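Novice: Just query-v1.cif, nothing more (mmCIF, C-alpha atoms):
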data_work
loop_
_atom_site.label_atom_id
_atom_site.label_comp_id
_atom_site.auth_asym_id
_atom_site.auth_seq_id
_atom_site.Cartn_x
_atom_site.Cartn_y
_atom_site.Cartn_z
CA GLU A 954 0.00 0.00 0.00
CA THR A 955 2.89 2.38 0.65
CA ARG A 956 4.34 1.55 -2.79
CA THR A 957 7.75 0.92 -1.25
CA GLN A 958 8.75 -1.50 -3.99
CA GLU A 959 7.79 0.94 -6.75
CA LEU A 960 9.69 3.76 -5.02
CA MET A 961 12.78 1.59 -4.61
CA SER A 962 12.57 0.53 -8.28
CA ILE A 963 12.49 4.16 -9.37
CA MET A 964 15.61 4.74 -7.28
CA GLY A 965 17.33 1.85 -9.07
CA LEU A 966 16.96 -0.93 -6.50
CA GLN A 967 16.32 -4.34 -8.03
CA PRO A 968 13.11 -6.06 -6.80
CA TRP A 969 15.01 -9.17 -5.73
CA THR A 970 17.16 -7.04 -3.43
CA LEU A 971 14.13 -5.72 -1.57
CA ALA A 972 12.62 -9.20 -1.35
CA ALA A 973 15.91 -10.60 -0.06
CA ALA A 974 16.05 -7.88 2.59
CA HIS A 975 12.54 -8.76 3.78
CA ALA A 976 13.35 -12.48 3.75
CA ALA A 977 16.58 -11.98 5.69
CA THR A 978 14.81 -9.86 8.29
CA TYR A 979 12.11 -12.44 8.89
CA ALA A 980 14.65 -15.27 8.78
CA VAL A 981 16.51 -13.76 11.73
CA ILE A 982 13.27 -13.19 13.66
CA PHE A 983 11.88 -16.66 12.93
CA ALA A 984 15.20 -18.33 13.74
CA LEU A 985 15.27 -16.69 17.15
CA VAL A 986 11.65 -17.71 17.74
CA ALA A 987 12.37 -21.31 16.69
CA ILE A 988 15.42 -21.61 18.93
CA LEU A 989 13.62 -20.04 21.88
CA ALA A 990 10.60 -22.31 21.38
CA ALA A 991 12.85 -25.37 21.21
CA VAL A 992 14.66 -24.42 24.41
CA ILE A 993 11.38 -23.85 26.25
CA LEU A 994 9.32 -26.78 24.90
CA GLN A 995 11.87 -29.57 24.67
CA PRO A 996 12.51 -30.10 28.42
CA VAL A 997 8.80 -29.92 29.28
CA VAL A 998 6.89 -31.37 26.31
CA PHE A 999 9.49 -33.41 24.38
CA PRO A 1000 12.05 -34.48 27.00
CA THR A 1001 13.21 -37.62 25.17
CA THR A 1002 13.63 -35.86 21.81
CA ASP A 1003 17.03 -34.45 20.95
CA LEU A 1004 17.07 -30.69 21.54
CA THR A 1005 19.14 -29.84 18.47
CA LEU A 1006 16.94 -32.04 16.28
CA PHE A 1007 13.79 -30.40 17.61
CA ALA A 1008 15.28 -26.97 16.93
CA ALA A 1009 16.26 -28.06 13.41
CA PHE A 1010 12.69 -29.23 12.78
CA LEU A 1011 11.27 -25.88 13.87
CA LEU A 1012 13.81 -24.08 11.69
CA CYS A 1013 12.71 -26.15 8.69
CA PHE A 1014 9.12 -25.12 9.28
CA MET A 1015 10.12 -21.49 9.67
CA ALA A 1016 12.07 -21.76 6.40
CA ALA A 1017 8.85 -22.81 4.67
CA ALA A 1018 6.70 -20.24 6.48
CA ILE A 1019 8.63 -17.24 5.14
CA PRO A 1020 8.14 -17.92 1.39
CA LEU A 1021 4.59 -19.07 2.15
CA GLY A 1022 3.93 -15.58 3.48
CA PHE A 1023 5.34 -14.10 0.28
CA LEU A 1024 3.13 -16.43 -1.75
CA ILE A 1025 -0.06 -15.46 0.08
CA ALA A 1026 0.86 -11.77 -0.16
CA ALA A 1027 1.20 -12.06 -3.95
CA PHE A 1028 -2.59 -12.35 -4.23
CA PHE A 1029 -3.33 -9.14 -2.37
CA SER A 1030 -2.73 -5.44 -2.86
CA ARG A 1031 -3.93 -4.43 0.60
CA ALA A 1032 -2.06 -5.44 3.72
CA ARG A 1033 -5.14 -5.46 5.94
CA LEU A 1034 -7.00 -7.88 3.70
CA ALA A 1035 -3.96 -10.14 3.48
CA SER A 1036 -3.57 -10.13 7.26
CA ILE A 1037 -7.20 -11.23 7.61
CA VAL A 1038 -7.14 -13.94 4.96
CA GLY A 1039 -3.66 -15.24 5.85
CA PRO A 1040 -4.57 -16.98 9.14
CA PHE A 1041 -7.62 -18.59 7.54
CA ALA A 1042 -5.42 -19.84 4.69
CA LEU A 1043 -2.96 -21.36 7.16
CA PHE A 1044 -5.81 -23.03 9.05
CA ALA A 1045 -7.21 -24.45 5.81
CA MET A 1046 -3.78 -25.83 4.92
CA VAL A 1047 -3.79 -27.89 8.12
CA MET A 1048 -7.06 -29.65 7.29
CA PRO A 1049 -5.67 -32.30 4.87
CA ARG A 1050 -3.89 -33.89 7.84
CA TYR A 1051 -7.21 -35.04 9.27
CA VAL A 1052 -8.10 -36.94 6.11
CA PHE A 1053 -5.47 -39.47 7.24
CA PHE A 1054 -6.44 -39.44 10.90
CA GLN A 1055 -7.62 -43.07 10.87
CA THR A 1056 -4.76 -44.43 8.74
CA ALA A 1057 -1.81 -46.38 10.11
CA GLU A 1058 1.73 -45.02 9.95
CA ASP A 1059 2.63 -47.16 6.93
CA GLN A 1060 -0.57 -46.55 4.94
CA ALA A 1061 -1.24 -44.04 2.14
CA LEU A 1062 2.34 -42.81 2.22
CA GLY A 1063 2.18 -41.37 -1.28
CA MET A 1064 -0.91 -39.33 -0.51
CA LYS A 1065 0.61 -38.17 2.77
CA ARG A 1066 3.70 -36.97 0.94
CA ALA A 1067 1.53 -35.13 -1.58
CA ALA A 1068 -0.47 -33.50 1.21
CA SER A 1069 2.79 -32.46 2.85
CA LEU A 1070 3.38 -30.05 -0.02
CA LEU A 1071 1.26 -27.87 2.25
CA ALA A 1072 3.75 -26.87 4.93
CA PRO A 1073 1.21 -26.66 7.80
CA THR A 1074 0.08 -30.21 6.98
CA ALA A 1075 3.68 -31.45 7.02
CA PHE A 1076 4.21 -29.68 10.34
CA THR A 1077 1.12 -31.39 11.78
CA PHE A 1078 2.32 -34.81 10.61
CA ALA A 1079 5.66 -34.19 12.30
CA ALA A 1080 4.08 -32.90 15.50
CA ASP A 1081 1.86 -35.99 15.71
CA LEU A 1082 4.90 -38.21 15.17
CA LEU A 1083 6.82 -36.46 17.93
CA ALA A 1084 3.85 -36.74 20.28
CA THR A 1085 3.47 -40.46 19.53
CA ARG A 1086 7.16 -41.07 20.17
CA GLU A 1087 7.04 -39.10 23.40
CA GLY A 1088 4.02 -41.09 24.53
CA ALA A 1089 6.13 -44.23 24.17
CA GLU A 1090 9.05 -42.47 25.89
CA GLN A 1091 11.16 -42.99 22.77
CA GLY A 1092 11.75 -39.53 21.41
CA VAL A 1093 13.29 -38.91 18.02
CA THR A 1094 17.06 -38.49 17.89
CA TRP A 1095 19.52 -38.04 15.05
CA GLU A 1096 20.13 -41.80 15.11
CA THR A 1097 16.40 -42.61 14.75
CA LEU A 1098 15.57 -39.75 12.39
CA TYR A 1099 14.53 -42.06 9.54
CA ASP A 1100 13.26 -45.07 11.49
CA ASP A 1101 9.54 -44.45 10.94
CA PRO A 1102 7.67 -45.23 7.70
CA PHE A 1103 6.87 -41.54 7.33
CA SER A 1104 9.82 -40.25 9.29
CA LEU A 1105 10.64 -36.91 10.80
CA GLY A 1106 13.69 -36.66 8.55
CA GLU A 1107 11.53 -37.06 5.46
CA LEU A 1108 9.07 -34.47 6.74
CA MET A 1109 11.88 -32.01 7.38
CA GLY A 1110 13.07 -32.57 3.82
CA LEU A 1111 9.54 -31.99 2.51
CA LEU A 1112 9.36 -28.72 4.43
CA LEU A 1113 12.52 -27.55 2.68
CA VAL A 1114 11.04 -28.61 -0.66
CA ASP A 1115 7.92 -26.63 0.24
CA ALA A 1116 10.10 -23.60 0.89
CA GLY A 1117 11.60 -23.80 -2.59
CA VAL A 1118 8.21 -24.34 -4.26
CA TYR A 1119 6.62 -21.44 -2.40
CA ALA A 1120 9.52 -19.11 -3.19
CA ALA A 1121 9.36 -19.94 -6.90
CA ALA A 1122 5.56 -19.58 -6.97
CA ALA A 1123 5.69 -16.26 -5.12
CA TRP A 1124 8.35 -14.94 -7.51
CA TYR A 1125 6.32 -15.98 -10.56
CA LEU A 1126 2.89 -14.85 -9.36
CA GLY A 1127 4.30 -11.56 -8.15
CA ARG A 1128 5.12 -10.76 -11.77
CA VAL A 1129 2.03 -12.02 -13.59
CA LEU A 1130 -0.87 -11.16 -11.27
CA PRO A 1131 -2.41 -7.75 -12.01
CA THR A 1132 -2.15 -5.15 -9.27
CA ALA A 1133 -2.69 -1.41 -8.97
CA HIS A 1134 1.04 -0.77 -9.37
CA GLY A 1135 3.20 -1.57 -12.38
CA THR A 1136 2.50 -3.62 -15.49
CA PRO A 1137 2.25 -7.40 -15.05
CA LEU A 1138 4.28 -9.65 -17.28
CA PRO A 1139 2.54 -12.27 -19.44
CA TRP A 1140 2.34 -15.79 -18.05
CA TRP A 1141 4.89 -17.06 -20.57
CA PHE A 1142 7.62 -14.56 -19.69
CA ILE A 1143 9.77 -17.30 -18.13
CA PHE A 1144 10.17 -18.81 -21.61
CA SER A 1145 11.44 -15.56 -23.12
CA LEU A 1146 15.17 -15.12 -23.64
CA LYS A 1147 14.67 -11.36 -23.42
CA PHE A 1148 13.64 -11.66 -19.77
CA TRP A 1149 16.62 -13.78 -18.76
CA ARG A 1150 19.12 -11.70 -20.72
CA GLY A 1151 17.83 -8.49 -19.22
CA PRO A 1152 18.10 -5.06 -20.85
CA ARG A 1153 21.89 -5.29 -21.21
CA GLY A 1154 21.75 -8.75 -22.71
CA ALA A 1155 19.13 -7.62 -25.19
CA ASP A 1156 21.29 -4.67 -26.21
CA ALA A 1157 24.28 -6.96 -26.72
CA ALA A 1158 22.19 -9.19 -28.97
CA GLY A 1159 21.11 -6.23 -31.06
CA ASP A 1160 17.57 -6.18 -29.73
CA GLY A 1161 17.95 -3.49 -27.08
CA ARG A 1162 16.46 -0.07 -27.49
CA ASP A 1163 16.10 2.94 -25.27
CA ALA A 1164 12.68 2.08 -23.87
CA THR A 1165 12.60 5.02 -21.53
CA ALA A 1166 13.18 7.53 -24.29
CA SER A 1167 10.42 5.96 -26.38
CA GLY A 1168 7.79 6.37 -23.69
CA GLY A 1169 8.14 3.00 -21.99
CA THR A 1170 6.10 1.72 -19.09
CA GLU A 1171 7.49 0.21 -15.94
CA MET A 1172 7.36 -3.58 -15.88
CA ARG A 1173 6.79 -5.67 -12.77
CA ASP A 1174 10.41 -6.85 -12.78
CA GLY A 1175 11.61 -3.31 -12.10
CA THR A 1176 12.80 -2.65 -15.66
CA ARG A 1177 11.19 -0.42 -18.25
CA GLY A 1178 9.93 -1.56 -21.59
CA ARG A 1179 7.76 -0.34 -24.43
CA GLU A 1180 4.13 -1.36 -24.69
CA GLY A 1181 4.04 -4.61 -26.58
CA ASP A 1182 7.58 -5.71 -25.68
CA TRP A 1183 6.10 -8.65 -23.82
CA GLY A 1184 3.07 -9.02 -26.02
CA CYS A 1185 0.87 -7.51 -23.32
CA VAL A 1186 -2.65 -6.57 -24.24
CA ALA A 1187 -3.11 -2.80 -24.27
CA GLY A 1188 -4.58 -1.55 -21.06
CA VAL A 1189 -3.38 -4.43 -18.84
#
Could you take the file, read its structure, and then write that structure out as structure tokens?
Specialist:
Amino acid sequence: ETRTQELMSIMGLQPWTLAAAHAATYAVIFALVAILAAVILQPVVFPTTDLTLFAAFLLCFMAAAIPLGFLIAAFFSRARLASIVGPFALFAMVMPRYVFFQTAEDQALGMKRAASLLAPTAFTFAADLLATREGAEQGVTWETLYDDPFSLGELMGLLLVDAGVYAAAAWYLGRVLPTAHGTPLPWWFIFSLKFWRGPRGADAAGDGRDATASGGTEMRDGTRGREGDWGCVAGV
């Protein structure tokens, strides 16, 4: 709403730099929260689970939560609306876990892995596994990380996969979804050599022109290009 990204683009800051700054800020905050939560919860709730492993699990979830926030934000232009819808979206992403509530640990593993592409669902699977192990007084350690059919180690790996998928989706949707600021790129821009070469690469190939001097419009990637450079429909 404050058009910070547009202002920074006008000043010459690349969009990925601003996104990286936001991600780094939240990474530090979430890492501190994860470590503090591990130190507080492990002795009381998960006493037989390795402390460092429990902290690593929380860090994996935090790593997925940051790009998930970027992904949800890509659909909204207003921060207030996003802050209202976001918690409901996270709650909805937990629900697939309960489809498998009556299944055994070694049943429907493929479907469980697919459902774990939703980070909150993967987190719930892992939390249930930790609770089950603690109930048997056999917490998860680094030595037993992959002992279960749907193990904590696999779930931690899926959370990291989720982080990569969410980051890629947020990056893509942030450039193609229409908003009140900037001109969205067409859905096929990732297949265009012009995008990956950038303005300098296009000039080197003989395709570059002074878009600003010819009355260009600002593109969502922070560069400027003439109307029609990306095959955009007039008025988009």
Novice: To test your reading of the syntax: which residues would the PyMOL selection byres ((chain A and resi 1050) around 10) return for the file shown? Reply as a PyMOL selection string.
Specialist: chain A and resi 1046-1049+1051-1054+1065+1068-1069+1071+1073-1078+1081
Novice: Determine, counting all atoms listed in the file, every residue of protein, DNA or RNA that lies within 12 Å of (2.3, -10.6, -2.0) in the file coordinates, then give the result as a ChimeraX atom specification.
Specialist: /A:954,958,972,975,1019-1032,1034-1036,1039,1119-1120,1122-1132
Novice: Using all atoms listed in the file, give me every residue within 10 Å of (11.0, -23.5, 18.5) in file coordinates, as a PyMOL selection string.
Specialist: chain A and resi 983-995+1004+1007-1012+1014-1015
Novice: What is the distance between CA of Gly1110 (chain A) and CA of Leu1082 (chain A), in Å to one decimal?
Specialist: 15.1 Å
Novice: So, counting all atoms listed in the file, which residue among A:Trp1140, A:Phe1103, A:Tyr979, A:Trp1095 is closest to Thr1001 (chain A)?
Specialist: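 For Thr1001 (chain A), the nearest of the given residues is A:Trp1095.
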Novice: So what does the PyMOL selection byres ((chain A and resi 1102) around 10) actually pick up in this one, as a ChimeraX atom specification?
Specialist: /A:1057-1060,1062,1099-1101,1103-1105,1107
Novice: Between CA of Ala1017 (chain A) and CA of Ala976 (chain A), measure the distance and give it in Å to one decimal.
Specialist: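 Taking CA of Ala1017 (chain A) and CA of Ala976 (chain A), their separation equals 11.3 Å.
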Novice: Interatomic distance between CA of Gly1092 (chain A) and CA of Thr1005 (chain A)?
Specialist: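 It comes out at 12.5 Å.
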Novice: Determine the nearest neighbour of Val1118 (chain A) from the options A:Pro996, A:Ile982, A:Ala1072, A:Thr1094, counting all atoms listed in the file.
Specialist: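 Answer, going by the shortest atom-to-atom distance: A:Ala1072.
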